[in-house]
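**Student:** Once you've had a glance at the structure underneath, I'll fire off some questions.
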Amino acid sequence: MPAYTATTAVPADEMTARRRRYRWLIFALLALGYLLVYFHRLCPAVLALDLMRDLRATGALTGMLGAAYFYPYAIMQLPAGLLSDSWGPRKTITLFFLVAVAGSVLLGFATTVSMAILGRTLVGIGVAMLFVPTMKILAEWFLISEFAAMTGILMAMGGVGSLVAATPLVWISNLIGWRSSFLVVGGFTLLLAILVWVFVRNRPADFGWPSPHPETGGGNRAKIGLGTAVKMVLTRPAFWPLAVWFFFDCGIFFSFGGLWGGPYLMQVYGLTKAEAGRMLSMVAVGMVIGSPLLSWLSDRVFGGRKPVLLLAVTVLVAATGVLAFATAAIPRPAMYLLIFLLSVFSSAVVVIGFTANKELFPVQIAGTATGLVNLFPFAGGAVFQPLLGWILERHGKVGDAFTLAGYEAAFRILFIAALIAAAAAFLSRETIKSHV
């Protein structure tokens with residue numbers, strides 16, 4: 001790697017220029033990591049029926065398999081924040097990506113549901129340590145005014161991961177099988193872990209470069225203890241509406257876009273796996289377009305976070321209402337649009353939620369604050385994926401397919417969740433300082 005070290009012979013403006021260039025290499029590697037995170041997160045949507053067939057799993061067990069990613073992911077968010085603020089993002093990401101490699105390999109060789117659940121659990125534990133440390137690194141390497149835009153670009157890369165987990169995954173799994181597909185992605189995860197260790201650094205001060213936040217003391221900021229940091233976050237009233245919004249908003253997205261959307265399209269509308277994959281690729285399109293677009297609307301048009309959250313929940317209530325009350329009557333072009341809107345306003349919009357949460361707290365505890373709030377979206381996925389599977393099973397099957405009544409009942413749950421998310425967004429606080 002480049003031998004950038006502190007030296008008195010290098011002028012301060014040159015060190016600043018080096019910092020600005022190098023941060024893009026760090027961001028590129030972490031963005032590639034986030035692509036893999038989203039691939040792992042959403043790939044069961046197009047492979048669900050293959051997994052059910054080969055592992056002889058019921059709908060409820062398949063829901064548990066999907067949720068096996070989310071339970072450990074949610075549980076690891078607090079450790080991710082604490083380790084980011086104490087141990088450092090570089091070590092945290094590298095070590096836990098190796099855990100994800102082991103999980104991918106085990107999933108590829110799984111012959112039973114229990115083996116597959118264990119593999120997916122290890123994947124969830126491993127990739128859980130990417131997003132929060134990345135938020136910490138963005139807070140250290142980029143200006144406060146750049147944070148929302150950079151988070152939007154990062155989320156757009158998650159959209160690319162969603163795209164890879166749709167049609168391309170269908171093509172790859174048809175070519176080499178779903179097992180080999182997981183082995184290949186495990187190899188990519190290992191390569192990225194090595195690159196993160198070699199090139200990523202926690203803060204500019206690690207190279208002796210000036211911080212982009214000189215007004216806060218740069219690398220010499222006063223430390224905030226872990227217990228104090230957790231208490232600061234959990235006792236801040238403005239934290240809780242965002243947390244509730246994250247739980248229900250992302251519960252909707254992960255249960256539909258991350259698992260049950262594929263079976264729904266194939267069993268209710270009779271689509272092939274490839275056709276369902278193409279339609280679900282609108283999840284990726286929505287994230288790629290929506291993440292930077294919503295960041296721009298927040299920063300440049302509305303000049304606030306809350307107006308974007310309110311816009312998002314309004315559209316989300318409407319979209320889930322269509323799924324709940326017109327479950328089998330949505331024209332195909334409208335379904336493309338519906339999935340796109342669900343992606344933009346239940347997934348891409350989280351960039352605004354994370355930015356608002358970060359703005360509530362000092363940069364010293366950015367990892368802890370992000371880790372704590374990031375418990376809630378994945379707790380939502382962990383709850384809603386198996387809940388919808390249980391509802392579908394409860395309404396029986398016609399042959400191997402779940403019934404239309406089952407999907408209607410499941411989507412009514414999503415509609416109720418959207419209403420609760422809307423109430424939480426309404427109670428949230430504007431965090432841009434000019435509005436406080």
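Chains: A, B, ... in order of the structure tokens. Residues: from 1 per chain. Ligands: from 1, in order shown.
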Which residues are close to region 137-153 of chain A, i.e. within 7 Å by only C-alpha atoms, leaving aside same-chain residues fewer than 2 positions away? Reply as an MDAnalysis selection string.

**Tutor:** chainID A and resid 23 133:135 155:157 202:204 212:213 291:292 295 351 355 363

**Student:** Determine, counting only C-alpha atoms, which protein, DNA and RNA residues have an atom within 10 Å of an atom of Phe415 (chain A); residues of the same chain fewer than 3 positions away are not included. Present the result as a PDB file with N, CA and C atoms, in the first residue's frame.

**Tutor:**
ATOM      1  N   ILE A 252     -41.189  -4.258   6.667  1.00  0.00           N
ATOM      2  CA  ILE A 252     -41.946  -4.351   5.409  1.00  0.00           C
ATOM      3  C   ILE A 252     -41.021  -4.702   4.254  1.00  0.00           C
ATOM      4  N   LEU A 316     -45.535   4.703   1.273  1.00  0.00           N
ATOM      5  CA  LEU A 316     -45.471   3.329   1.769  1.00  0.00           C
ATOM      6  C   LEU A 316     -46.843   2.824   2.204  1.00  0.00           C
ATOM      7  N   VAL A 317     -47.628   3.658   2.860  1.00  0.00           N
ATOM      8  CA  VAL A 317     -48.983   3.269   3.238  1.00  0.00           C
ATOM      9  C   VAL A 317     -49.810   2.951   1.994  1.00  0.00           C
ATOM     10  N   ALA A 318     -49.679   3.798   0.974  1.00  0.00           N
ATOM     11  CA  ALA A 318     -50.429   3.565  -0.262  1.00  0.00           C
ATOM     12  C   ALA A 318     -49.997   2.264  -0.940  1.00  0.00           C
ATOM     13  N   ALA A 319     -48.683   2.019  -1.002  1.00  0.00           N
ATOM     14  CA  ALA A 319     -48.175   0.834  -1.697  1.00  0.00           C
ATOM     15  C   ALA A 319     -48.579  -0.451  -0.983  1.00  0.00           C
ATOM     16  N   THR A 320     -48.444  -0.487   0.334  1.00  0.00           N
ATOM     17  CA  THR A 320     -48.848  -1.692   1.071  1.00  0.00           C
ATOM     18  C   THR A 320     -50.358  -1.873   1.045  1.00  0.00           C
ATOM     19  N   GLY A 321     -51.087  -0.770   0.941  1.00  0.00           N
ATOM     20  CA  GLY A 321     -52.537  -0.869   0.801  1.00  0.00           C
ATOM     21  C   GLY A 321     -52.928  -1.558  -0.491  1.00  0.00           C
ATOM     22  N   VAL A 322     -52.226  -1.262  -1.569  1.00  0.00           N
ATOM     23  CA  VAL A 322     -52.485  -1.935  -2.842  1.00  0.00           C
ATOM     24  C   VAL A 322     -52.186  -3.433  -2.718  1.00  0.00           C
ATOM     25  N   LEU A 323     -51.048  -3.776  -2.094  1.00  0.00           N
ATOM     26  CA  LEU A 323     -50.719  -5.190  -1.910  1.00  0.00           C
ATOM     27  C   LEU A 323     -51.773  -5.905  -1.064  1.00  0.00           C
ATOM     28  N   ALA A 324     -52.269  -5.238  -0.038  1.00  0.00           N
ATOM     29  CA  ALA A 324     -53.195  -5.876   0.897  1.00  0.00           C
ATOM     30  C   ALA A 324     -54.593  -6.045   0.324  1.00  0.00           C
ATOM     31  N   PHE A 325     -55.041  -5.066  -0.468  1.00  0.00           N
ATOM     32  CA  PHE A 325     -56.446  -5.060  -0.879  1.00  0.00           C
ATOM     33  C   PHE A 325     -56.651  -5.283  -2.374  1.00  0.00           C
ATOM     34  N   ALA A 410     -51.213 -11.898   4.897  1.00  0.00           N
ATOM     35  CA  ALA A 410     -49.843 -11.491   5.187  1.00  0.00           C
ATOM     36  C   ALA A 410     -49.624 -10.022   4.826  1.00  0.00           C
ATOM     37  N   PHE A 411     -50.159  -9.601   3.696  1.00  0.00           N
ATOM     38  CA  PHE A 411     -49.928  -8.220   3.260  1.00  0.00           C
ATOM     39  C   PHE A 411     -50.747  -7.217   4.061  1.00  0.00           C
ATOM     40  N   ARG A 412     -51.852  -7.667   4.662  1.00  0.00           N
ATOM     41  CA  ARG A 412     -52.571  -6.774   5.568  1.00  0.00           C
ATOM     42  C   ARG A 412     -51.710  -6.442   6.797  1.00  0.00           C
ATOM     43  N   ALA A 418     -47.078  -0.299   8.028  1.00  0.00           N
ATOM     44  CA  ALA A 418     -46.847   0.983   7.374  1.00  0.00           C
ATOM     45  C   ALA A 418     -47.549   2.115   8.119  1.00  0.00           C
ATOM     46  N   LEU A 419     -48.740   1.862   8.638  1.00  0.00           N
ATOM     47  CA  LEU A 419     -49.449   2.883   9.410  1.00  0.00           C
ATOM     48  C   LEU A 419     -48.690   3.232  10.693  1.00  0.00           C
ATOM     49  N   ILE A 420     -48.123   2.224  11.344  1.00  0.00           N
ATOM     50  CA  ILE A 420     -47.349   2.486  12.559  1.00  0.00           C
ATOM     51  C   ILE A 420     -46.075   3.264  12.214  1.00  0.00           C
ATOM     52  N   ALA A 421     -45.428   2.913  11.121  1.00  0.00           N
ATOM     53  CA  ALA A 421     -44.242   3.644  10.683  1.00  0.00           C
ATOM     54  C   ALA A 421     -44.580   5.111  10.397  1.00  0.00           C
TER      55      ALA A 421
END

**Student:** Do you have the CA of Phe96 (chain A)-CA of Ile125 (chain A) distance handy?

**Tutor:**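 A separation of 7.2 Å between them.
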
**Student:** Using CA of Gly108 (chain A) and CA of Phe131 (chain A) as the two end points, give the distance in Å to one decimal.

**Tutor:**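 We find that CA of Gly108 (chain A) and CA of Phe131 (chain A) lie 24.3 Å from each other.
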
**Student:** Tell me which of A:Gly353, A:Met232, A:Tyr38, A:Val132 sits closest to Leu83 (chain A), counting only C-alpha atoms.

**Tutor:** A:Val132

**Student:** One decimal, in Å: what's the spacing between CA of Ser255 (chain A) and CA of Ser428 (chain A)?

**Tutor:**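 Taking CA of Ser255 (chain A) as the start and CA of Ser428 (chain A) as the end point, the length is 24.1 Å.
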
**Student:** Counting only C-alpha atoms, figure out which residue out of A:Met282, A:Gly304, A:Phe207, A:Leu183 gets nearest to Val344 (chain A).

**Tutor:**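 For Val344 (chain A), the nearest of the candidates is A:Met282.
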
**Student:** Which residue is closest to Gly277 (chain A)? Choose from A:Phe302, A:Trp171, A:Phe345, A:Trp296 and count only C-alpha atoms.

**Tutor:**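 Closest candidate: A:Trp171.
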
**Student:** Env of region 189-191 of chain A: 7 Å cut, atoms = only C-alpha atoms, seq-sep filter 5 positions within chain, self excluded. Answer as an MDAnalysis selection string.

**Tutor:** chainID A and resid 97:98 101

**Student:** Enumerate the residues of region 293-370 of chain A with a DSSP assignment of alpha helix (DSSP H), computed from the backbone, and present them as a PyMOL selection string.

**Tutor:** chain A and resi 293-296+306-325+332-343+350-359+366-370

**Student:** How about saving the chosen residues, N, CA and C atoms kept, as a compact mmCIF listing (two decimals), in the first residue's frame?

**Tutor:**
# COMPACT_ATOMS: atom_id res chain seq x y z
N LEU A 293 -31.16 10.30 -4.65
CA LEU A 293 -32.25 11.25 -4.90
C LEU A 293 -32.83 11.77 -3.59
N LEU A 294 -33.11 10.89 -2.66
CA LEU A 294 -33.68 11.32 -1.39
C LEU A 294 -32.68 12.15 -0.58
N SER A 295 -31.39 11.82 -0.68
CA SER A 295 -30.37 12.64 -0.02
C SER A 295 -30.38 14.04 -0.60
N TRP A 296 -30.49 14.13 -1.92
CA TRP A 296 -30.53 15.44 -2.58
C TRP A 296 -31.79 16.22 -2.19
N LYS A 306 -37.11 15.41 8.20
CA LYS A 306 -38.47 14.97 8.50
C LYS A 306 -39.41 15.05 7.30
N PRO A 307 -39.34 16.10 6.46
CA PRO A 307 -40.25 16.11 5.30
C PRO A 307 -40.07 14.89 4.39
N VAL A 308 -38.82 14.42 4.24
CA VAL A 308 -38.58 13.25 3.40
C VAL A 308 -39.15 11.99 4.05
N LEU A 309 -39.00 11.88 5.36
CA LEU A 309 -39.58 10.74 6.08
C LEU A 309 -41.10 10.72 5.93
N LEU A 310 -41.72 11.89 6.03
CA LEU A 310 -43.18 11.95 5.91
C LEU A 310 -43.64 11.61 4.49
N LEU A 311 -42.90 12.08 3.49
CA LEU A 311 -43.21 11.71 2.11
C LEU A 311 -43.11 10.20 1.93
N ALA A 312 -42.06 9.62 2.50
CA ALA A 312 -41.83 8.18 2.33
C ALA A 312 -42.95 7.35 2.95
N VAL A 313 -43.36 7.67 4.17
CA VAL A 313 -44.38 6.85 4.81
C VAL A 313 -45.74 7.02 4.14
N THR A 314 -45.99 8.18 3.55
CA THR A 314 -47.24 8.37 2.81
C THR A 314 -47.32 7.42 1.63
N VAL A 315 -46.23 7.35 0.86
CA VAL A 315 -46.19 6.45 -0.29
C VAL A 315 -46.21 4.99 0.17
N LEU A 316 -45.53 4.70 1.27
CA LEU A 316 -45.47 3.33 1.77
C LEU A 316 -46.84 2.82 2.20
N VAL A 317 -47.63 3.66 2.86
CA VAL A 317 -48.98 3.27 3.24
C VAL A 317 -49.81 2.95 1.99
N ALA A 318 -49.68 3.80 0.97
CA ALA A 318 -50.43 3.56 -0.26
C ALA A 318 -50.00 2.26 -0.94
N ALA A 319 -48.68 2.02 -1.00
CA ALA A 319 -48.17 0.83 -1.70
C ALA A 319 -48.58 -0.45 -0.98
N THR A 320 -48.44 -0.49 0.33
CA THR A 320 -48.85 -1.69 1.07
C THR A 320 -50.36 -1.87 1.04
N GLY A 321 -51.09 -0.77 0.94
CA GLY A 321 -52.54 -0.87 0.80
C GLY A 321 -52.93 -1.56 -0.49
N VAL A 322 -52.23 -1.26 -1.57
CA VAL A 322 -52.49 -1.94 -2.84
C VAL A 322 -52.19 -3.43 -2.72
N LEU A 323 -51.05 -3.78 -2.09
CA LEU A 323 -50.72 -5.19 -1.91
C LEU A 323 -51.77 -5.90 -1.06
N ALA A 324 -52.27 -5.24 -0.04
CA ALA A 324 -53.20 -5.88 0.90
C ALA A 324 -54.59 -6.05 0.32
N PHE A 325 -55.04 -5.07 -0.47
CA PHE A 325 -56.45 -5.06 -0.88
C PHE A 325 -56.65 -5.28 -2.37
N ARG A 332 -49.27 -6.17 -14.57
CA ARG A 332 -47.82 -6.38 -14.53
C ARG A 332 -47.03 -5.06 -14.57
N PRO A 333 -47.34 -4.09 -15.45
CA PRO A 333 -46.58 -2.84 -15.41
C PRO A 333 -46.71 -2.12 -14.06
N ALA A 334 -47.91 -2.20 -13.48
CA ALA A 334 -48.11 -1.56 -12.17
C ALA A 334 -47.31 -2.27 -11.09
N MET A 335 -47.11 -3.59 -11.23
CA MET A 335 -46.32 -4.32 -10.24
C MET A 335 -44.86 -3.86 -10.28
N TYR A 336 -44.33 -3.63 -11.47
CA TYR A 336 -42.97 -3.08 -11.56
C TYR A 336 -42.88 -1.75 -10.81
N LEU A 337 -43.86 -0.89 -11.04
CA LEU A 337 -43.86 0.41 -10.37
C LEU A 337 -44.02 0.25 -8.87
N LEU A 338 -44.89 -0.66 -8.45
CA LEU A 338 -45.13 -0.86 -7.02
C LEU A 338 -43.86 -1.31 -6.31
N ILE A 339 -43.14 -2.26 -6.89
CA ILE A 339 -41.91 -2.75 -6.27
C ILE A 339 -40.86 -1.64 -6.25
N PHE A 340 -40.81 -0.85 -7.30
CA PHE A 340 -39.89 0.30 -7.33
C PHE A 340 -40.19 1.27 -6.19
N LEU A 341 -41.47 1.59 -6.01
CA LEU A 341 -41.86 2.53 -4.95
C LEU A 341 -41.58 1.95 -3.57
N LEU A 342 -41.84 0.66 -3.38
CA LEU A 342 -41.52 0.02 -2.11
C LEU A 342 -40.03 0.12 -1.82
N SER A 343 -39.21 -0.06 -2.85
CA SER A 343 -37.76 0.01 -2.66
C SER A 343 -37.32 1.42 -2.29
N VAL A 350 -33.87 4.83 4.13
CA VAL A 350 -33.16 4.69 5.40
C VAL A 350 -31.92 5.56 5.46
N VAL A 351 -31.41 6.00 4.30
CA VAL A 351 -30.29 6.93 4.32
C VAL A 351 -30.63 8.20 5.10
N ILE A 352 -31.88 8.62 5.00
CA ILE A 352 -32.33 9.80 5.74
C ILE A 352 -32.45 9.48 7.23
N GLY A 353 -32.95 8.29 7.54
CA GLY A 353 -33.06 7.90 8.94
C GLY A 353 -31.71 7.82 9.62
N PHE A 354 -30.72 7.23 8.94
CA PHE A 354 -29.39 7.12 9.54
C PHE A 354 -28.73 8.49 9.67
N THR A 355 -28.94 9.34 8.70
CA THR A 355 -28.37 10.69 8.78
C THR A 355 -28.99 11.46 9.93
N ALA A 356 -30.30 11.37 10.07
CA ALA A 356 -30.98 12.06 11.17
C ALA A 356 -30.50 11.55 12.52
N ASN A 357 -30.34 10.24 12.64
CA ASN A 357 -29.86 9.67 13.90
C ASN A 357 -28.44 10.14 14.21
N LYS A 358 -27.57 10.15 13.19
CA LYS A 358 -26.19 10.59 13.40
C LYS A 358 -26.14 12.05 13.85
N GLU A 359 -27.06 12.88 13.33
CA GLU A 359 -27.06 14.30 13.67
C GLU A 359 -27.55 14.58 15.09
N ALA A 366 -20.46 8.15 17.06
CA ALA A 366 -21.20 7.87 15.82
C ALA A 366 -21.43 6.38 15.65
N GLY A 367 -20.41 5.56 15.99
CA GLY A 367 -20.57 4.11 15.85
C GLY A 367 -21.62 3.55 16.79
N THR A 368 -21.55 3.96 18.05
CA THR A 368 -22.52 3.47 19.03
C THR A 368 -23.93 3.89 18.68
N ALA A 369 -24.11 5.16 18.29
CA ALA A 369 -25.45 5.67 17.94
C ALA A 369 -26.01 4.94 16.74
N THR A 370 -25.18 4.71 15.72
CA THR A 370 -25.64 4.01 14.53
C THR A 370 -25.92 2.54 14.85

**Student:** Looking only at strand (DSSP E) from DSSP on the backbone, list the matching residues of region 230-406 of chain A as a list in words.

**Tutor:**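 DSSP-assigned strand (DSSP E) residues in region 230-406 of chain A: Lys397, Val398, Ala401 and Phe402 of chain A.
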
**Student:** In terms of the shortest atom-to-atom distance over only C-alpha atoms, which of A:Trp197, A:Tyr71, A:Trp178, A:Phe27 is closest to Gly88 (chain A)?

**Tutor:**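 Using only C-alpha atoms, Gly88 (chain A) sits closest to A:Trp197.
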
**Student:** Taking into account only C-alpha atoms, which residue in the set A:Ile330, A:Phe199, A:Gly270, A:Gln385 is nearest to Met64 (chain A)?

**Tutor:**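 Closest to Met64 (chain A), using only C-alpha atoms: A:Gln385.
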
**Student:** Go through A:Ala405, A:Leu82, A:Ala424, A:Ala110 and flag the residue nearest Asp54 (chain A), using only C-alpha atoms for the distances.

**Tutor:**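 Of all the options, A:Ala110 lies closest to Asp54 (chain A).
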
**Student:** Within 8 Å of Ala67 (chain A), counting only C-alpha atoms, which residues qualify if same-chain residues fewer than 4 places away don't, as a PyMOL selection string?

**Tutor:** chain A and resi 63+71+381-383+385-386
